[in-house]
Amino acid sequence: MSLRSPLRRVTGLGSAKGGASHWYAQRITAVALALLGLWLVISLATMGGAAHERVVAWLASPVAAAFAVLLVITAAWHAVLGLQVVVEDYVGDKGTRVGVLLVVKFAFAVAAVIGVLAVLRIAFGVAA
Amino acid sequence: MAQRARPLSPFLHYRWQYTNTLSILHRITGVVLSLGFLLLVYWMAAAAAGPERYAAALDTLGSPLAQLVLIGVTFSFCYHLLNGVRHLFFDLGHGFELKTARASGWAVAIGAMLLGVVVWVAVRAGLGGGA
């Protein structure tokens, strides 16, 4: 027996808190990524070589740099939302689940910031 | 509270069929794309670090193992993109007719293979075949 009632023990579990916002964010980032992903593929296909100066010339354009920053942020966000669902579905133990989710979210936050800084560094001409 | 036998999740006792094949593929390709995102950031960060670091990163990304991973990322991108659009139509309430859902599923599977080849060839050509 516990002092906590059955209602108290289930309140706050499941998708009742922020399920809808997670669902919407997944779809909004999906639409954005469909466009940004195609933009990346076309950019790579029309790059004219993988040489360093080609990449620098590509991201020197403000429009390309803006799209690249948006792509990095949106992709990291979408990946975290998706990986969160995968982890929540397959990692049963609550402590492990919270730990794995922390690692995933920290890792993708770090990767996103590195990606944005890399694009900005090239865009501002520091990496030439 | 008396403990009753809890209901099983559908994936533990449902028959295997095309719907859950497409569904699990969406998940697997999503996880692969998460890895692909980290490789994209690695590539961009190397470019930002200067020509020497970038050349080293290109060598790494050009290795047979990395190329295999990048092929996987390419096909995952195409599948996840097409099936993602299919799911957006589902979310808008369209395409639930059994015949339609099956046809769109096949279209996604075949389309992803074809688009994957096109994207891989196009990107390799665009990057000079080196990476």
# chains A, B, ... in the order shown; residues from 1 in each chain; ligands from 1

call {"tool": "interface_residues", "arguments": {"of": "chain B", "to": "chain A", "cutoff": "6 Å", "atoms": "only C-alpha atoms", "output": "list in words"}}
result
Ser34, Val41, Met44, Ala45, Ala48, Gly50, Pro51, Ala122, Val123, Gly126, Leu127 and Gly128 of chain B

call {"tool": "residues_around", "arguments": {"residues": "stretch 65-81 of chain B", "least_positions_apart": "2", "cutoff": "9 Å", "atoms": "only C-alpha atoms", "output": "PyMOL selection string"}}
result
(chain A and resi 30+33-34+37) or (chain B and resi 25-30+32-33+35-36+39+60-63+83-86+108-109+111-117+119-120+131)

call {"tool": "select_by_dssp", "arguments": {"residues": "chain B", "states": "helix (DSSP H, G or I)", "output": "ChimeraX atom specification"}}
result
/B:10-12,18-49,51-62,64-91,98-126
